[in-house]
>>> print(open('model37.cif').read())   # mmCIF, C-alpha atoms and all ligand atoms
data_protein
#
loop_
_atom_site.label_atom_id
_atom_site.label_comp_id
_atom_site.auth_asym_id
_atom_site.auth_seq_id
_atom_site.Cartn_x
_atom_site.Cartn_y
_atom_site.Cartn_z
CA MET A 1 -91.31 11.19 32.57
CA LYS A 2 -91.27 9.01 29.50
CA ASN A 3 -92.36 10.66 26.26
CA ARG A 4 -91.60 8.12 23.52
CA VAL A 5 -93.17 4.77 24.11
CA VAL A 6 -93.80 1.56 22.17
CA LEU A 7 -96.38 -1.04 23.24
CA LEU A 8 -95.91 -4.64 22.06
CA GLY A 9 -98.05 -7.64 22.87
CA PRO A 10 -100.08 -10.54 21.47
CA PRO A 11 -103.61 -10.08 20.07
CA ALA A 12 -106.16 -9.16 22.76
CA SER A 13 -103.47 -8.01 25.22
CA GLY A 14 -105.10 -4.58 25.36
CA LYS A 15 -102.35 -2.61 23.55
CA GLY A 16 -104.79 -0.31 21.80
CA THR A 17 -106.79 0.36 24.96
CA GLN A 18 -103.69 1.14 27.02
CA ALA A 19 -102.22 3.33 24.26
CA SER A 20 -105.37 5.37 24.22
CA LEU A 21 -105.70 5.60 28.05
CA LEU A 22 -102.03 6.60 28.45
CA GLY A 23 -102.24 9.05 25.55
CA ALA A 24 -105.22 10.76 27.20
CA ALA A 25 -103.62 10.74 30.67
CA PHE A 26 -100.34 12.31 29.54
CA GLY A 27 -101.53 14.30 26.50
CA ILE A 28 -99.26 12.28 24.19
CA PRO A 29 -100.37 11.51 20.61
CA HIS A 30 -100.85 7.78 20.05
CA THR A 31 -101.42 5.67 16.96
CA SER A 32 -101.12 2.24 15.39
CA THR A 33 -100.15 1.28 11.84
CA GLY A 34 -103.79 0.27 11.29
CA ALA A 35 -105.06 3.69 12.38
CA MET A 36 -102.50 5.54 10.26
CA LEU A 37 -103.44 3.52 7.20
CA ARG A 38 -107.19 4.06 7.79
CA THR A 39 -106.47 7.81 7.76
CA GLU A 40 -104.46 7.52 4.53
CA ARG A 41 -107.24 5.49 2.92
CA SER A 42 -109.96 7.91 3.98
CA LYS A 43 -107.89 10.77 2.51
CA GLY A 44 -107.51 8.69 -0.67
CA THR A 45 -103.71 9.02 -0.75
CA ALA A 46 -101.33 6.92 -2.87
CA LEU A 47 -99.91 5.50 0.36
CA GLY A 48 -103.38 4.32 1.39
CA ALA A 49 -103.95 2.63 -1.98
CA GLU A 50 -100.54 0.97 -1.80
CA ALA A 51 -101.33 -0.43 1.67
CA ASP A 52 -104.74 -1.65 0.45
CA SER A 53 -103.09 -3.67 -2.30
CA PHE A 54 -101.52 -5.80 0.46
CA THR A 55 -104.24 -5.93 3.10
CA SER A 56 -106.97 -6.73 0.54
CA ARG A 57 -105.02 -9.91 -0.28
CA GLY A 58 -104.62 -10.73 3.42
CA LEU A 59 -100.89 -9.94 3.32
CA LEU A 60 -98.84 -8.01 5.85
CA PHE A 61 -97.51 -4.85 4.24
CA PRO A 62 -93.75 -4.66 3.69
CA ASP A 63 -91.50 -3.18 6.40
CA GLU A 64 -90.51 -0.37 4.09
CA LEU A 65 -94.15 0.73 3.64
CA ALA A 66 -94.87 0.58 7.38
CA LEU A 67 -91.78 2.71 7.98
CA ARG A 68 -92.85 5.36 5.47
CA VAL A 69 -96.27 5.65 7.11
CA VAL A 70 -94.84 5.92 10.63
CA SER A 71 -92.13 8.32 9.54
CA GLN A 72 -94.73 10.62 8.01
CA TRP A 73 -96.90 10.50 11.16
CA ILE A 74 -93.96 11.22 13.47
CA ASP A 75 -92.84 14.29 11.50
CA GLY A 76 -93.10 17.31 13.78
CA ARG A 77 -93.79 15.27 16.94
CA ASP A 78 -91.34 14.73 19.77
CA ARG A 79 -93.69 12.65 21.95
CA PHE A 80 -95.58 9.57 20.83
CA ILE A 81 -97.08 6.25 21.89
CA LEU A 82 -96.99 3.55 19.20
CA ASP A 83 -99.32 0.58 19.48
CA GLY A 84 -98.07 -2.61 17.82
CA PHE A 85 -95.25 -1.00 15.81
CA PRO A 86 -92.48 -2.07 15.09
CA ARG A 87 -93.95 -5.47 14.26
CA THR A 88 -90.80 -7.07 12.81
CA VAL A 89 -87.08 -6.87 13.57
CA GLY A 90 -86.59 -5.25 10.16
CA GLN A 91 -89.04 -2.48 11.11
CA ALA A 92 -87.37 -2.10 14.52
CA ARG A 93 -83.90 -1.67 12.99
CA SER A 94 -85.09 0.94 10.51
CA PHE A 95 -87.11 2.68 13.22
CA ASP A 96 -83.98 2.85 15.43
CA GLY A 97 -82.28 4.69 12.58
CA LEU A 98 -85.23 7.04 12.15
CA VAL A 99 -85.47 8.08 15.83
CA ASP A 100 -81.68 8.30 15.99
CA ASP A 101 -81.56 10.68 13.01
CA ARG A 102 -84.10 12.91 14.76
CA SER A 103 -82.43 12.64 18.20
CA LEU A 104 -85.70 11.27 19.59
CA PRO A 105 -84.64 8.02 21.27
CA LEU A 106 -87.30 5.64 22.58
CA ASP A 107 -87.74 5.96 26.34
CA VAL A 108 -89.30 2.54 26.89
CA VAL A 109 -90.79 -0.47 25.10
CA TYR A 110 -93.50 -2.23 27.12
CA LEU A 111 -94.11 -5.88 26.32
CA LEU A 112 -97.64 -6.79 27.44
CA GLU A 113 -97.50 -10.47 28.37
CA LEU A 114 -100.52 -12.75 28.38
CA PRO A 115 -100.63 -16.58 28.34
CA ASP A 116 -102.01 -18.14 25.12
CA SER A 117 -104.97 -19.60 27.02
CA GLU A 118 -106.00 -16.09 28.08
CA VAL A 119 -105.47 -14.69 24.56
CA ARG A 120 -107.85 -17.41 23.30
CA ALA A 121 -110.49 -16.69 25.93
CA ARG A 122 -110.37 -12.97 25.25
CA MET A 123 -110.36 -13.20 21.46
CA LEU A 124 -112.94 -15.91 20.98
CA GLY A 125 -115.32 -14.28 23.49
CA ARG A 126 -115.04 -10.81 22.02
CA LEU A 127 -118.18 -8.98 20.91
CA THR A 128 -118.08 -5.59 19.19
CA CYS A 129 -120.92 -3.05 19.01
CA GLU A 130 -121.82 -2.53 15.36
CA THR A 131 -122.89 1.04 16.10
CA CYS A 132 -120.31 2.61 18.43
CA GLY A 133 -117.45 0.08 18.26
CA ALA A 134 -117.39 -0.64 22.02
CA VAL A 135 -115.79 -4.02 22.77
CA PHE A 136 -117.23 -6.49 25.30
CA ASN A 137 -116.29 -9.95 26.41
CA GLU A 138 -118.84 -12.73 26.85
CA THR A 139 -117.22 -13.95 30.05
CA PHE A 140 -116.21 -10.69 31.75
CA HIS A 141 -119.40 -8.84 30.85
CA LYS A 142 -121.79 -11.82 31.06
CA MET A 143 -123.12 -11.11 27.56
CA THR A 144 -124.08 -13.17 24.52
CA ALA A 145 -124.28 -12.26 20.84
CA ASP A 146 -127.98 -11.50 21.47
CA SER A 147 -127.21 -8.85 24.12
CA ARG A 148 -127.35 -5.14 23.26
CA CYS A 149 -124.50 -2.64 23.71
CA SER A 150 -124.62 -1.20 27.24
CA GLN A 151 -123.36 2.16 25.95
CA CYS A 152 -125.64 2.84 22.99
CA GLY A 153 -128.07 -0.09 22.68
CA GLY A 154 -126.55 -1.20 19.35
CA ALA A 155 -126.37 -4.79 18.11
CA LEU A 156 -123.28 -6.87 18.96
CA ALA A 157 -121.29 -9.04 16.56
CA ARG A 158 -118.09 -11.06 16.46
CA ARG A 159 -115.28 -9.70 14.33
CA ASN A 160 -114.65 -11.79 11.22
CA ASP A 161 -111.06 -12.38 12.25
CA ASP A 162 -111.91 -13.60 15.78
CA THR A 163 -112.01 -17.27 14.78
CA GLU A 164 -109.93 -20.29 15.90
CA GLU A 165 -108.19 -20.33 12.53
CA SER A 166 -107.29 -16.66 12.54
CA LEU A 167 -106.27 -16.84 16.20
CA ALA A 168 -103.78 -19.63 15.45
CA ARG A 169 -102.41 -17.67 12.47
CA ARG A 170 -102.06 -14.43 14.46
CA LEU A 171 -100.35 -16.17 17.38
CA THR A 172 -97.87 -17.86 15.06
CA GLN A 173 -97.18 -14.56 13.35
CA TYR A 174 -96.74 -12.87 16.73
CA ARG A 175 -94.23 -15.50 17.89
CA SER A 176 -92.20 -15.59 14.71
CA LEU A 177 -92.19 -11.87 13.86
CA THR A 178 -92.89 -9.79 16.96
CA LEU A 179 -91.30 -11.68 19.87
CA PRO A 180 -87.89 -11.19 18.20
CA VAL A 181 -88.65 -7.43 18.30
CA ALA A 182 -88.98 -7.73 22.08
CA ASP A 183 -85.59 -9.49 22.17
CA HIS A 184 -84.13 -6.69 20.06
CA TYR A 185 -85.22 -4.07 22.61
CA ARG A 186 -84.30 -6.28 25.57
CA ALA A 187 -80.75 -6.35 24.21
CA ALA A 188 -80.88 -2.55 23.85
CA GLY A 189 -81.99 -2.21 27.49
CA THR A 190 -85.30 -0.46 26.72
CA LEU A 191 -87.72 -3.38 27.25
CA LYS A 192 -90.03 -3.76 30.25
CA ALA A 193 -92.27 -6.82 30.45
CA ILE A 194 -95.68 -6.26 32.08
CA ASP A 195 -98.03 -9.09 33.07
CA VAL A 196 -101.44 -8.02 31.78
CA ALA A 197 -103.55 -10.88 33.16
CA ALA A 198 -104.51 -8.55 36.05
CA GLY A 199 -106.89 -6.65 33.75
CA ARG A 200 -107.21 -3.21 32.21
CA ASP A 201 -107.30 -0.92 35.26
CA ALA A 202 -104.45 -2.57 37.16
CA VAL A 203 -102.30 -2.62 34.01
CA PHE A 204 -103.05 1.03 33.31
CA GLN A 205 -101.95 1.96 36.86
CA THR A 206 -98.68 0.06 36.47
CA LEU A 207 -97.92 1.66 33.10
CA TYR A 208 -98.99 5.11 34.31
CA ASN A 209 -96.70 4.95 37.36
CA ASP A 210 -93.80 3.76 35.26
CA MET A 211 -94.29 6.46 32.61
CA LYS A 212 -94.26 9.16 35.30
CA GLU A 213 -90.74 8.12 36.26
CA ALA A 214 -87.72 9.47 34.43
CA ALA A 215 -86.62 7.60 31.34
ZN ZN B 1 -122.61 0.71 21.17
#
>>> encode(input="model37.cif", output="structure tokens", more="lines below")
Ligand SMILES: [Zn+2]
Amino acid sequence: MKNRVVLLGPPASGKGTQASLLGAAFGIPHTSTGAMLRTERSKGTALGAEADSFTSRGLLFPDELALRVVSQWIDGRDRFILDGFPRTVGQARSFDGLVDDRSLPLDVVYLLELPDSEVRARMLGRLTCETCGAVFNETFHKMTADSRCSQCGGALARRNDDTEESLARRLTQYRSLTLPVADHYRAAGTLKAIDVAAGRDAVFQTLYNDMKEAA
């Protein structure tokens, strides 16, 4: 089976959801740069403060900082699922060196593919429970911002960054920074593109079956 996995994809492609479903199914630790930095911040570390100095100004943190955070998280692990990292070719090159040094080569990089029109529909229709964090979609779940969370009854709200403006910015960033990462791994022979328009359960089944196979 495959033990070291990277998930890439545009916003709203379901990377985080699949990382967490696959992690649970195979007992493999999974994380994203965002999650690692939230942990650092909550522990009040210098690394957390350093990351905050970028994100609070709406900037992406430097490759070198992302690498330090990932490197620290990977210490002592030989199996992992990374959601949305590496985000740039610079990060990918340094990460190649890191896994090479530890003799822990990546088994596969999945590129979750979704047309822009579908990214838009998913992002702009997204509602998040303010209490438990569950995510719903206006169209799929036939809900409005006045509906209540079906899991805990909490109030629903749109995320601040789910706007037309932010969507355009994130898609541009994805195309200019992250798609070249997919090309990098395609050239290395580790990339598998997966069409995710079929929805969460079908995509999970495809990824699950592929991960069960030898690397
Ligand atoms: Zn809820």
>>> residues_near_ligand(input="model37.cif", ligand="ligand ZN 1 (chain B)", cutoff="9 Å", atoms="only C-alpha atoms and all ligand atoms", output="list in words")
Thr128, Cys129, Glu130, Thr131, Cys132, Gly133, Ala134, Val135, Arg148, Cys149, Ser150, Gln151, Cys152, Gly153, Gly154, Ala155 and Leu156 of chain A
>>> residues_near_point(input="model37.cif", point="(-115.8, -12.0, 21.5)", cutoff="8 Å", atoms="only C-alpha atoms", output="PyMOL selection string")
chain A and resi 122-128+136-138+157-159+162
>>> closest_atom_pairs(input="model37.cif", of="region 92-126 of chain A", to="region 3-10 of chain A", cutoff="7 Å", atoms="all atoms listed in the file", output="CSV")
residue,atom,partner,partner_atom,distance
A:Leu106,CA,A:Arg4,CA,5.1
A:Asp107,CA,A:Arg4,CA,5.2
A:Val108,CA,A:Val5,CA,5.3
A:Val109,CA,A:Val6,CA,4.7
A:Tyr110,CA,A:Leu7,CA,5.0
A:Leu111,CA,A:Leu8,CA,4.8
A:Leu112,CA,A:Gly9,CA,4.7
A:Glu113,CA,A:Gly9,CA,6.2
>>> residues_around(input="model37.cif", residues="Asp195 (chain A)", least_positions_apart="2", cutoff="8 Å", atoms="all atoms listed in the file", output="number ranges by chain")
A: 112-114, 193, 197-198, 203
>>> axis_aligned_box(input="model37.cif", around="region 144-154 of chain A", padding_each_side="4 Å", output="JSON")
{"center_x": -125.7, "center_y": -5.2, "center_z": 23.3, "size_x": 12.7, "size_y": 24.0, "size_z": 15.9}
>>> closest_residue(input="model37.cif", among="A:Lys212, A:Ser32, A:Ser56, A:Ser13", to="Ala121 (chain A)", atoms="only C-alpha atoms")
A:Ser13
>>> closest_residue(input="model37.cif", among="A:Ala12, A:Ala24, A:Phe54, A:Arg87", to="Tyr208 (chain A)", atoms="all atoms listed in the file")
A:Ala24
>>> atom_distance(input="model37.cif", atom1="CA of Thr55 (chain A)", atom2="CA of Thr33 (chain A)")
12.0 Å
>>> closest_residue(input="model37.cif", among="A:Glu165, A:Asp116, A:Glu50, A:Asp63", to="Phe85 (chain A)", atoms="all atoms listed in the file")
A:Asp63
>>> closest_atom_pairs(input="model37.cif", of="region 40-130 of chain A", to="region 173-178 of chain A", cutoff="10 Å", atoms="all atoms listed in the file", output="tab-separated table")
residue	atom	partner	partner_atom	distance
A:Gly84	CA	A:Thr178	CA	8.9
A:Phe85	CA	A:Thr178	CA	9.2
A:Pro86	CA	A:Thr178	CA	8.0
A:Arg87	CA	A:Thr178	CA	5.2
A:Thr88	CA	A:Leu177	CA	5.1
A:Val89	CA	A:Leu177	CA	7.2
A:Gly90	CA	A:Leu177	CA	9.4
A:Ala92	CA	A:Thr178	CA	9.8
>>> atom_distance(input="model37.cif", atom1="CA of Thr172 (chain A)", atom2="CA of Gly189 (chain A)")
25.5 Å
>>> residues_around(input="model37.cif", residues="region 40-42 of chain A", least_positions_apart="3", cutoff="12 Å", atoms="all atoms listed in the file", output="list in words")
Thr33, Gly34, Ala35, Met36, Leu37, Thr45, Ala46, Leu47, Gly48, Ala49, Glu50, Ala51, Asp52, Ser53, Thr55, Arg68, Val69, Val70, Gln72 and Trp73 of chain A
>>> closest_residue(input="model37.cif", among="A:Pro115, A:Gly58, A:Val196, A:Ser71", to="Ser166 (chain A)", atoms="all atoms listed in the file")
A:Gly58
>>> atom_distance(input="model37.cif", atom1="CA of Ile81 (chain A)", atom2="CA of Ser117 (chain A)")
27.5 Å
>>> residues_around(input="model37.cif", residues="Asp201 (chain A)", least_positions_apart="4", cutoff="10 Å", atoms="all atoms listed in the file", output="list in words")
Gln18, Leu21, Val196, Gln205, Thr206 and Leu207 of chain A
>>> closest_residue(input="model37.cif", among="A:Leu65, A:Leu191, A:Leu167, A:Met211", to="Ala19 (chain A)", atoms="only C-alpha atoms")
A:Met211
>>> closest_residue(input="model37.cif", among="A:Val181, A:Arg169, A:Ala25, A:Lys15", to="Ser94 (chain A)", atoms="only C-alpha atoms")
A:Val181
>>> residues_around(input="model37.cif", residues="His30 (chain A)", least_positions_apart="5", cutoff="6 Å", atoms="only C-alpha atoms", output="VMD selection string")
chain A and resid 23 80 to 82
>>> build_atoms(input="model37.cif", residues="region 7-26 of chain A", atoms="N, CA and C atoms", output="short mmCIF file (atom, residue, chain, number, x, y, z; two decimals), in the frame of the given file")
data_model
loop_
_atom_site.label_atom_id
_atom_site.label_comp_id
_atom_site.auth_asym_id
_atom_site.auth_seq_id
_atom_site.Cartn_x
_atom_site.Cartn_y
_atom_site.Cartn_z
N LEU A 7 -95.67 0.05 22.58
CA LEU A 7 -96.38 -1.04 23.24
C LEU A 7 -96.41 -2.25 22.33
N LEU A 8 -95.87 -3.38 22.81
CA LEU A 8 -95.91 -4.64 22.06
C LEU A 8 -96.73 -5.64 22.85
N GLY A 9 -97.32 -6.60 22.15
CA GLY A 9 -98.05 -7.64 22.87
C GLY A 9 -98.86 -8.48 21.91
N PRO A 10 -99.30 -9.66 22.35
CA PRO A 10 -100.08 -10.54 21.47
C PRO A 10 -101.47 -9.94 21.23
N PRO A 11 -102.23 -10.53 20.28
CA PRO A 11 -103.61 -10.08 20.07
C PRO A 11 -104.37 -10.13 21.40
N ALA A 12 -105.27 -9.19 21.59
CA ALA A 12 -106.16 -9.16 22.76
C ALA A 12 -105.42 -8.87 24.07
N SER A 13 -104.18 -8.35 23.99
CA SER A 13 -103.47 -8.01 25.22
C SER A 13 -103.84 -6.61 25.71
N GLY A 14 -104.64 -5.89 24.92
CA GLY A 14 -105.10 -4.58 25.36
C GLY A 14 -104.17 -3.43 24.99
N LYS A 15 -103.29 -3.65 23.99
CA LYS A 15 -102.35 -2.61 23.55
C LYS A 15 -103.06 -1.32 23.16
N GLY A 16 -104.08 -1.48 22.33
CA GLY A 16 -104.79 -0.31 21.80
C GLY A 16 -105.47 0.47 22.92
N THR A 17 -106.10 -0.27 23.83
CA THR A 17 -106.79 0.36 24.96
C THR A 17 -105.80 1.12 25.83
N GLN A 18 -104.68 0.49 26.16
CA GLN A 18 -103.69 1.14 27.02
C GLN A 18 -103.06 2.33 26.31
N ALA A 19 -102.80 2.21 25.00
CA ALA A 19 -102.22 3.33 24.26
C ALA A 19 -103.15 4.52 24.33
N SER A 20 -104.45 4.26 24.22
CA SER A 20 -105.37 5.37 24.22
C SER A 20 -105.57 5.94 25.62
N LEU A 21 -105.58 5.10 26.67
CA LEU A 21 -105.70 5.60 28.05
C LEU A 21 -104.46 6.41 28.43
N LEU A 22 -103.26 5.90 28.09
CA LEU A 22 -102.03 6.60 28.45
C LEU A 22 -101.90 7.90 27.65
N GLY A 23 -102.28 7.84 26.38
CA GLY A 23 -102.24 9.05 25.55
C GLY A 23 -103.10 10.14 26.15
N ALA A 24 -104.31 9.78 26.60
CA ALA A 24 -105.22 10.76 27.20
C ALA A 24 -104.66 11.26 28.53
N ALA A 25 -104.10 10.36 29.34
CA ALA A 25 -103.62 10.74 30.67
C ALA A 25 -102.43 11.70 30.59
N PHE A 26 -101.55 11.50 29.61
CA PHE A 26 -100.34 12.31 29.54
C PHE A 26 -100.38 13.34 28.41
#
